>>> print(open('start_31.txt').read())   # compact mmCIF, C-alpha atoms and all ligand atoms
# COMPACT_ATOMS: atom_id res chain seq x y z
CA MET X 4 15.91 18.41 3.94
CA ALA X 5 13.63 16.84 1.37
CA VAL X 6 12.95 13.34 0.13
CA ILE X 7 13.14 12.92 -3.64
CA ALA X 8 11.72 9.55 -4.65
CA GLY X 9 11.42 7.98 -8.08
CA ASN X 10 8.87 5.30 -8.90
CA TRP X 11 9.95 3.57 -12.09
CA LYS X 12 6.69 1.58 -12.31
CA MET X 13 6.94 -1.16 -15.00
CA HIS X 14 9.86 0.49 -16.76
CA MET X 15 13.63 0.06 -16.62
CA ALA X 16 14.87 -3.47 -17.11
CA PRO X 17 18.17 -4.33 -15.35
CA GLU X 18 20.40 -2.98 -18.14
CA GLU X 19 18.42 0.28 -18.26
CA ALA X 20 18.65 0.59 -14.50
CA ARG X 21 22.43 0.34 -14.70
CA ALA X 22 22.51 2.94 -17.49
CA PHE X 23 20.39 5.27 -15.35
CA PHE X 24 22.84 5.18 -12.47
CA SER X 25 25.82 5.86 -14.67
CA ALA X 26 24.06 8.95 -16.07
CA TYR X 27 22.39 10.27 -12.89
CA GLU X 28 24.62 13.05 -11.58
CA ILE X 29 24.16 14.26 -8.07
CA ASP X 30 26.25 16.79 -6.30
CA GLU X 31 26.65 17.81 -2.69
CA ILE X 32 22.96 18.88 -2.54
CA ILE X 33 22.18 15.29 -1.75
CA ALA X 34 23.91 15.70 1.61
CA ASP X 35 20.80 17.38 2.97
CA ASN X 36 18.29 15.37 1.00
CA GLU X 37 17.29 11.76 0.71
CA VAL X 38 17.01 10.16 -2.71
CA LEU X 39 15.05 6.93 -3.17
CA ILE X 40 14.47 4.87 -6.29
CA PHE X 41 11.78 2.23 -6.61
CA PRO X 42 12.82 0.02 -9.54
CA PRO X 43 10.67 -2.83 -10.80
CA THR X 44 11.49 -5.91 -8.74
CA ILE X 45 13.38 -7.60 -11.56
CA SER X 46 15.85 -4.68 -11.57
CA LEU X 47 16.26 -4.30 -7.82
CA VAL X 48 19.37 -6.48 -7.50
CA ALA X 49 20.97 -4.89 -10.56
CA ALA X 50 20.34 -1.46 -9.03
CA TYR X 51 21.62 -2.59 -5.64
CA LYS X 52 24.83 -4.02 -7.04
CA CYS X 53 25.42 -1.30 -9.61
CA GLU X 54 28.82 0.25 -8.96
CA ASP X 55 27.72 3.50 -10.54
CA ARG X 56 24.94 3.93 -7.97
CA ASP X 57 25.92 6.38 -5.28
CA PRO X 58 25.19 4.38 -2.10
CA ARG X 59 23.34 7.42 -0.75
CA VAL X 60 20.68 6.71 -3.36
CA GLN X 61 18.56 4.19 -1.51
CA LEU X 62 16.28 1.61 -3.02
CA GLY X 63 12.77 0.43 -2.42
CA ILE X 64 10.27 -2.09 -3.69
CA GLN X 65 7.06 -0.97 -5.41
CA ASN X 66 4.81 -3.54 -3.73
CA VAL X 67 5.03 -6.47 -1.30
CA HIS X 68 2.75 -9.29 -0.36
CA TRP X 69 1.42 -9.23 3.20
CA GLU X 70 2.55 -12.76 4.01
CA ASP X 71 6.21 -13.57 4.71
CA CYS X 72 6.27 -16.60 2.41
CA GLY X 73 3.94 -19.20 0.92
CA ALA X 74 2.07 -20.36 -2.16
CA PHE X 75 1.46 -16.94 -3.74
CA THR X 76 2.64 -17.34 -7.32
CA GLY X 77 4.05 -14.17 -8.77
CA GLU X 78 4.23 -12.30 -5.48
CA ILE X 79 7.26 -10.94 -3.61
CA SER X 80 7.63 -10.84 0.17
CA ALA X 81 9.07 -7.97 2.16
CA GLU X 82 11.81 -10.32 3.37
CA MET X 83 12.84 -11.07 -0.22
CA ALA X 84 12.80 -7.37 -1.07
CA ALA X 85 14.99 -6.55 1.93
CA SER X 86 17.46 -9.29 1.02
CA ALA X 87 17.59 -7.97 -2.55
CA GLY X 88 18.60 -4.48 -1.41
CA ALA X 89 15.37 -2.63 -0.62
CA SER X 90 15.21 -0.34 2.39
CA TYR X 91 11.79 1.15 1.59
CA ALA X 92 8.46 -0.21 0.35
CA LEU X 93 5.78 1.68 -1.54
CA VAL X 94 2.43 0.60 -0.17
CA GLY X 95 -0.99 1.36 -1.58
CA HIS X 96 0.09 3.15 -4.73
CA SER X 97 -3.07 4.25 -6.56
CA GLU X 98 -2.23 1.98 -9.51
CA ARG X 99 -2.26 -0.95 -7.09
CA ARG X 100 -5.55 0.23 -5.63
CA GLN X 101 -7.23 1.08 -8.93
CA LEU X 102 -5.88 -1.54 -11.32
CA PHE X 103 -5.30 -4.46 -8.98
CA GLY X 104 -8.15 -3.90 -6.55
CA GLU X 105 -5.96 -3.41 -3.50
CA THR X 106 -8.12 -2.56 -0.48
CA ASP X 107 -7.46 -0.41 2.57
CA GLU X 108 -7.30 -3.61 4.64
CA GLN X 109 -4.64 -5.10 2.36
CA VAL X 110 -2.67 -1.87 2.48
CA ALA X 111 -2.66 -2.10 6.28
CA LEU X 112 -1.43 -5.71 6.12
CA LYS X 113 1.31 -4.71 3.68
CA VAL X 114 2.47 -1.89 5.96
CA ALA X 115 2.77 -4.43 8.77
CA ALA X 116 4.62 -6.89 6.51
CA ALA X 117 7.11 -4.21 5.45
CA LEU X 118 7.77 -3.19 9.05
CA ARG X 119 8.38 -6.80 10.12
CA GLN X 120 11.37 -6.76 7.76
CA ASP X 121 12.51 -3.26 8.73
CA LEU X 122 11.48 -1.82 5.39
CA ILE X 123 10.32 1.78 5.75
CA PRO X 124 6.80 2.04 4.31
CA VAL X 125 5.91 4.88 1.98
CA ILE X 126 2.14 4.90 2.34
CA CYS X 127 0.32 6.30 -0.70
CA VAL X 128 -3.04 8.02 -0.38
CA GLY X 129 -5.05 10.12 -2.79
CA GLU X 130 -8.48 10.85 -4.13
CA THR X 131 -9.93 10.29 -7.60
CA LEU X 132 -11.25 13.16 -9.69
CA GLU X 133 -14.81 12.08 -8.93
CA GLU X 134 -14.09 12.13 -5.19
CA ARG X 135 -12.44 15.55 -5.47
CA GLU X 136 -15.38 16.99 -7.40
CA ALA X 137 -17.74 15.61 -4.76
CA GLY X 138 -15.77 17.50 -2.07
CA ARG X 139 -14.55 14.28 -0.47
CA VAL X 140 -10.75 14.78 -0.52
CA SER X 141 -10.26 14.88 3.26
CA GLU X 142 -12.66 12.02 3.92
CA VAL X 143 -10.94 9.74 1.39
CA ILE X 144 -7.33 10.45 2.27
CA LEU X 145 -7.98 10.30 6.01
CA ARG X 146 -9.77 6.96 5.64
CA GLN X 147 -6.82 5.58 3.67
CA LEU X 148 -4.37 7.00 6.22
CA ASP X 149 -6.28 5.67 9.23
CA PHE X 150 -6.25 2.11 7.88
CA ALA X 151 -2.50 2.27 7.36
CA LEU X 152 -1.84 3.92 10.72
CA ALA X 153 -3.47 0.98 12.46
CA SER X 154 -0.34 -1.00 11.45
CA ILE X 155 2.13 1.51 12.88
CA PRO X 156 3.06 0.08 16.27
CA ASP X 157 4.41 3.21 17.99
CA PRO X 158 5.38 6.83 17.36
CA GLU X 159 9.06 5.87 16.99
CA THR X 160 8.34 3.81 13.85
CA ARG X 161 9.54 5.58 10.72
CA PHE X 162 7.19 5.73 7.78
CA LEU X 163 6.48 8.24 5.04
CA ILE X 164 3.25 9.31 3.40
CA ALA X 165 2.84 10.15 -0.27
CA TYR X 166 -0.17 12.26 -1.16
CA GLU X 167 -0.86 11.39 -4.77
CA PRO X 168 -4.16 12.64 -6.19
CA VAL X 169 -5.17 9.96 -8.69
CA TRP X 170 -6.21 12.54 -11.29
CA ALA X 171 -2.67 13.97 -11.28
CA ILE X 172 -0.77 10.72 -11.78
CA GLY X 173 0.67 10.33 -15.25
CA THR X 174 -1.80 12.88 -16.63
CA GLY X 175 0.34 16.00 -16.82
CA LYS X 176 -2.19 17.67 -14.46
CA THR X 177 -0.42 18.72 -11.30
CA ALA X 178 -2.05 19.80 -8.07
CA THR X 179 -1.31 23.43 -7.32
CA PRO X 180 1.08 24.05 -4.44
CA MET X 181 -2.00 25.28 -2.54
CA ASP X 182 -3.93 22.05 -3.24
CA ALA X 183 -0.94 20.04 -2.07
CA ALA X 184 -0.45 22.16 1.05
CA GLY X 185 -4.14 21.78 1.94
CA ALA X 186 -4.13 17.99 1.68
CA HIS X 187 -0.77 17.71 3.43
CA GLY X 188 -2.04 19.90 6.27
CA THR X 189 -5.04 17.62 6.67
CA LEU X 190 -2.77 14.57 6.80
CA ARG X 191 -0.37 16.25 9.25
CA ASN X 192 -3.23 17.12 11.60
CA ARG X 193 -4.35 13.50 11.65
CA LEU X 194 -0.78 12.37 12.31
CA GLU X 195 -0.60 14.76 15.25
CA GLN X 196 -3.70 13.18 16.75
CA ALA X 197 -2.49 9.64 16.07
CA ILE X 198 1.22 9.69 16.92
CA GLY X 199 1.76 13.05 18.64
CA MET X 200 3.22 16.39 17.58
CA THR X 201 6.89 15.38 17.56
CA ALA X 202 6.49 12.23 15.49
CA ALA X 203 4.01 13.97 13.18
CA ALA X 204 6.44 16.81 12.56
CA ARG X 205 9.23 14.46 11.52
CA THR X 206 7.06 12.22 9.31
CA GLU X 207 7.76 13.22 5.74
CA ILE X 208 4.72 13.80 3.54
CA LEU X 209 5.63 13.65 -0.15
CA TYR X 210 3.58 15.03 -3.02
CA GLY X 211 3.23 12.92 -6.18
CA GLY X 212 1.42 13.52 -9.45
CA SER X 213 3.07 14.81 -12.64
CA VAL X 214 6.08 16.30 -10.85
CA GLN X 215 8.49 17.62 -13.46
CA PRO X 216 11.68 19.69 -13.40
CA ARG X 217 9.57 22.80 -14.18
CA ASN X 218 7.18 22.47 -11.23
CA ALA X 219 9.27 20.64 -8.61
CA ALA X 220 10.66 23.72 -6.86
CA GLU X 221 7.26 25.37 -6.28
CA LEU X 222 5.73 22.13 -5.03
CA LEU X 223 8.68 21.49 -2.71
CA ALA X 224 8.31 25.02 -1.34
CA ALA X 225 4.66 24.48 -0.38
CA GLN X 226 3.68 24.24 3.26
CA ASP X 227 3.95 20.71 4.68
CA VAL X 228 5.46 19.28 1.48
CA ASP X 229 8.57 17.39 2.59
CA GLY X 230 9.47 15.83 -0.71
CA VAL X 231 8.16 14.48 -3.99
CA LEU X 232 7.37 11.08 -5.42
CA VAL X 233 8.08 11.19 -9.14
CA GLY X 234 6.83 8.67 -11.67
CA GLY X 235 7.31 9.40 -15.37
CA ALA X 236 10.09 11.97 -14.97
CA SER X 237 12.13 9.66 -12.72
CA VAL X 238 13.24 7.28 -15.48
CA ASN X 239 15.17 10.05 -17.21
CA PRO X 240 18.42 10.69 -15.32
CA GLN X 241 18.60 14.32 -16.48
CA SER X 242 15.01 15.12 -15.45
CA PHE X 243 15.35 13.31 -12.16
CA GLY X 244 18.67 15.09 -11.60
CA ASP X 245 16.98 18.45 -12.21
CA ILE X 246 14.22 17.55 -9.76
CA THR X 247 16.83 16.47 -7.21
CA ARG X 248 18.57 19.83 -7.62
CA ALA X 249 15.25 21.68 -7.25
CA ALA X 250 15.21 20.42 -3.67
CA GLY X 251 18.44 22.26 -2.93
C1 LIG X 301 3.65 7.92 -9.44
O1 LIG X 301 3.70 6.93 -10.14
O2 LIG X 301 3.74 7.79 -8.21
C2 LIG X 301 3.53 9.23 -10.07
C3 LIG X 301 3.38 10.27 -9.31
O3 LIG X 301 3.57 9.27 -11.45
P1 LIG X 301 3.73 10.59 -12.39
O4 LIG X 301 4.85 11.41 -11.78
O5 LIG X 301 4.09 10.04 -13.73
O6 LIG X 301 2.45 11.31 -12.36
>>> encode(input="start_31.txt", output="structure tokens", more="lines below")
Ligand code: PEP
Amino acid sequence: MAVIAGNWKMHMAPEEARAFFSAYEIDEIIADNEVLIFPPTISLVAAYKCEDRDPRVQLGIQNVHWEDCGAFTGEISAEMAASAGASYALVGHSERRQLFGETDEQVALKVAAALRQDLIPVICVGETLEEREAGRVSEVILRQLDFALASIPDPETRFLIAYEPVWAIGTGKTATPMDAAGAHGTLRNRLEQAIGMTAAARTEILYGGSVQPRNAAELLAAQDVDGVLVGGASVNPQSFGDITRAAG
């Protein structure tokens, strides 16, 4: 079983979201896999209500505020996202961290906010090229993970992790299956220490960063890779369909 997730980023207005679901063909492979789409917030309701969306394709929000409500112009709460059809929440995507200055502390607060509304957090971690070249991959991703884990109340709480090396996102440069397996192994070991062997084994760790139909199968076959988080290739129903099938 694998998790195939698509992050549409700031693409796909409501009408395009509807068109995606009428073109996205999935077959029985999905029975063993989980498919998630993270539309932009403005398209979440359209995606949720779209009759062409197979209900097994679940939806998530790309970002939430850490407060439940209040004077935060332009922000969206986890409660609003849940009531609009989200079951999952991306937290700490590198674009949020890099472009909007999101800190590890804020990521932890957002994980807690998502869980208060029964949204399943997909916690994103990943190093920059500079950090990788300085040999700091484990240090960086474990620091990011530890902050987020502080908001996980007990080992029964479901959450996912997405390892997304920043240098691989939207660049066409993909981590090798060996790179991915190494980072995922590091994350899994930390999970074992933090929440125990059983919970760590069932926590899905997704790889993200320039996943395409041509490389999805080899990445999905790598040790400790339980799924993929796809950005650019997820807005094309044919490409995302091919990636979904690669998980079969
Ligand atoms: C992402 O946005 O999470 C991502 C991995 O993007 P891309 O697949 O385009 O690199």
>>> residues_near_ligand(input="start_31.txt", ligand="ligand LIG 301 (chain X)", cutoff="7 Å", atoms="only C-alpha atoms and all ligand atoms", output="list of chain:residue names")
X:Asn10, X:Lys12, X:His96, X:Glu167, X:Ala171, X:Ile172, X:Gly173, X:Thr174, X:Gly175, X:Gly211, X:Gly212, X:Ser213, X:Val214, X:Leu232, X:Val233, X:Gly234, X:Gly235, X:Ala236
>>> residues_around(input="start_31.txt", residues="segment 106-112 of chain X", least_positions_apart="3", cutoff="7 Å", atoms="all atoms listed in the file", output="PDB file with C-alpha atoms, keeping the file's coordinate frame")
ATOM      1  CA  TRP X  69       1.420  -9.230   3.200  1.00  0.00           C
ATOM      2  CA  VAL X  94       2.430   0.600  -0.170  1.00  0.00           C
ATOM      3  CA  GLY X  95      -0.990   1.360  -1.580  1.00  0.00           C
ATOM      4  CA  ARG X 100      -5.550   0.230  -5.630  1.00  0.00           C
ATOM      5  CA  ALA X 115       2.770  -4.430   8.770  1.00  0.00           C
ATOM      6  CA  ALA X 116       4.620  -6.890   6.510  1.00  0.00           C
ATOM      7  CA  GLN X 147      -6.820   5.580   3.670  1.00  0.00           C
ATOM      8  CA  PHE X 150      -6.250   2.110   7.880  1.00  0.00           C
ATOM      9  CA  ALA X 151      -2.500   2.270   7.360  1.00  0.00           C
ATOM     10  CA  ALA X 153      -3.470   0.980  12.460  1.00  0.00           C
ATOM     11  CA  SER X 154      -0.340  -1.000  11.450  1.00  0.00           C
TER      12      SER X 154
END
>>> atom_distance(input="start_31.txt", atom1="atom CA of Asp121 of chain X", atom2="atom CA of Asp35 of chain X")
23.0 Å
>>> residues_around(input="start_31.txt", residues="Glu78 of chain X", least_positions_apart="2", cutoff="10 Å", atoms="only C-alpha atoms", output="list in words")
Asn66, Val67, His68, Trp69, Glu70, Cys72, Gly73, Ala74, Phe75, Thr76 and Ser80 of chain X
>>> write_last_selection(input="start_31.txt", atoms="C-alpha atoms", output="compact mmCIF listing (two decimals), keeping the file's coordinate frame")
# COMPACT_ATOMS: atom_id res chain seq x y z
CA ASN X 66 4.81 -3.54 -3.73
CA VAL X 67 5.03 -6.47 -1.30
CA HIS X 68 2.75 -9.29 -0.36
CA TRP X 69 1.42 -9.23 3.20
CA GLU X 70 2.55 -12.76 4.01
CA CYS X 72 6.27 -16.60 2.41
CA GLY X 73 3.94 -19.20 0.92
CA ALA X 74 2.07 -20.36 -2.16
CA PHE X 75 1.46 -16.94 -3.74
CA THR X 76 2.64 -17.34 -7.32
CA SER X 80 7.63 -10.84 0.17
>>> atom_distance(input="start_31.txt", atom1="atom CA of Ala49 of chain X", atom2="atom CA of Met13 of chain X")
15.2 Å
>>> residues_around(input="start_31.txt", residues="Ile126 of chain X", least_positions_apart="2", cutoff="6 Å", atoms="all atoms listed in the file", output="ChimeraX atom specification")
/X:94,124,164-165
>>> closest_residue(input="start_31.txt", among="X:Pro180, X:Pro156, X:Gly104, X:Pro168", to="Arg135 of chain X", atoms="all atoms listed in the file")
X:Pro168
>>> atom_distance(input="start_31.txt", atom1="atom CA of Arg193 of chain X", atom2="atom CA of Ser90 of chain X")
25.7 Å
>>> closest_residue(input="start_31.txt", among="X:Tyr210, X:Leu118, X:Ala16, X:Arg59", to="Leu222 of chain X", atoms="only C-alpha atoms")
X:Tyr210
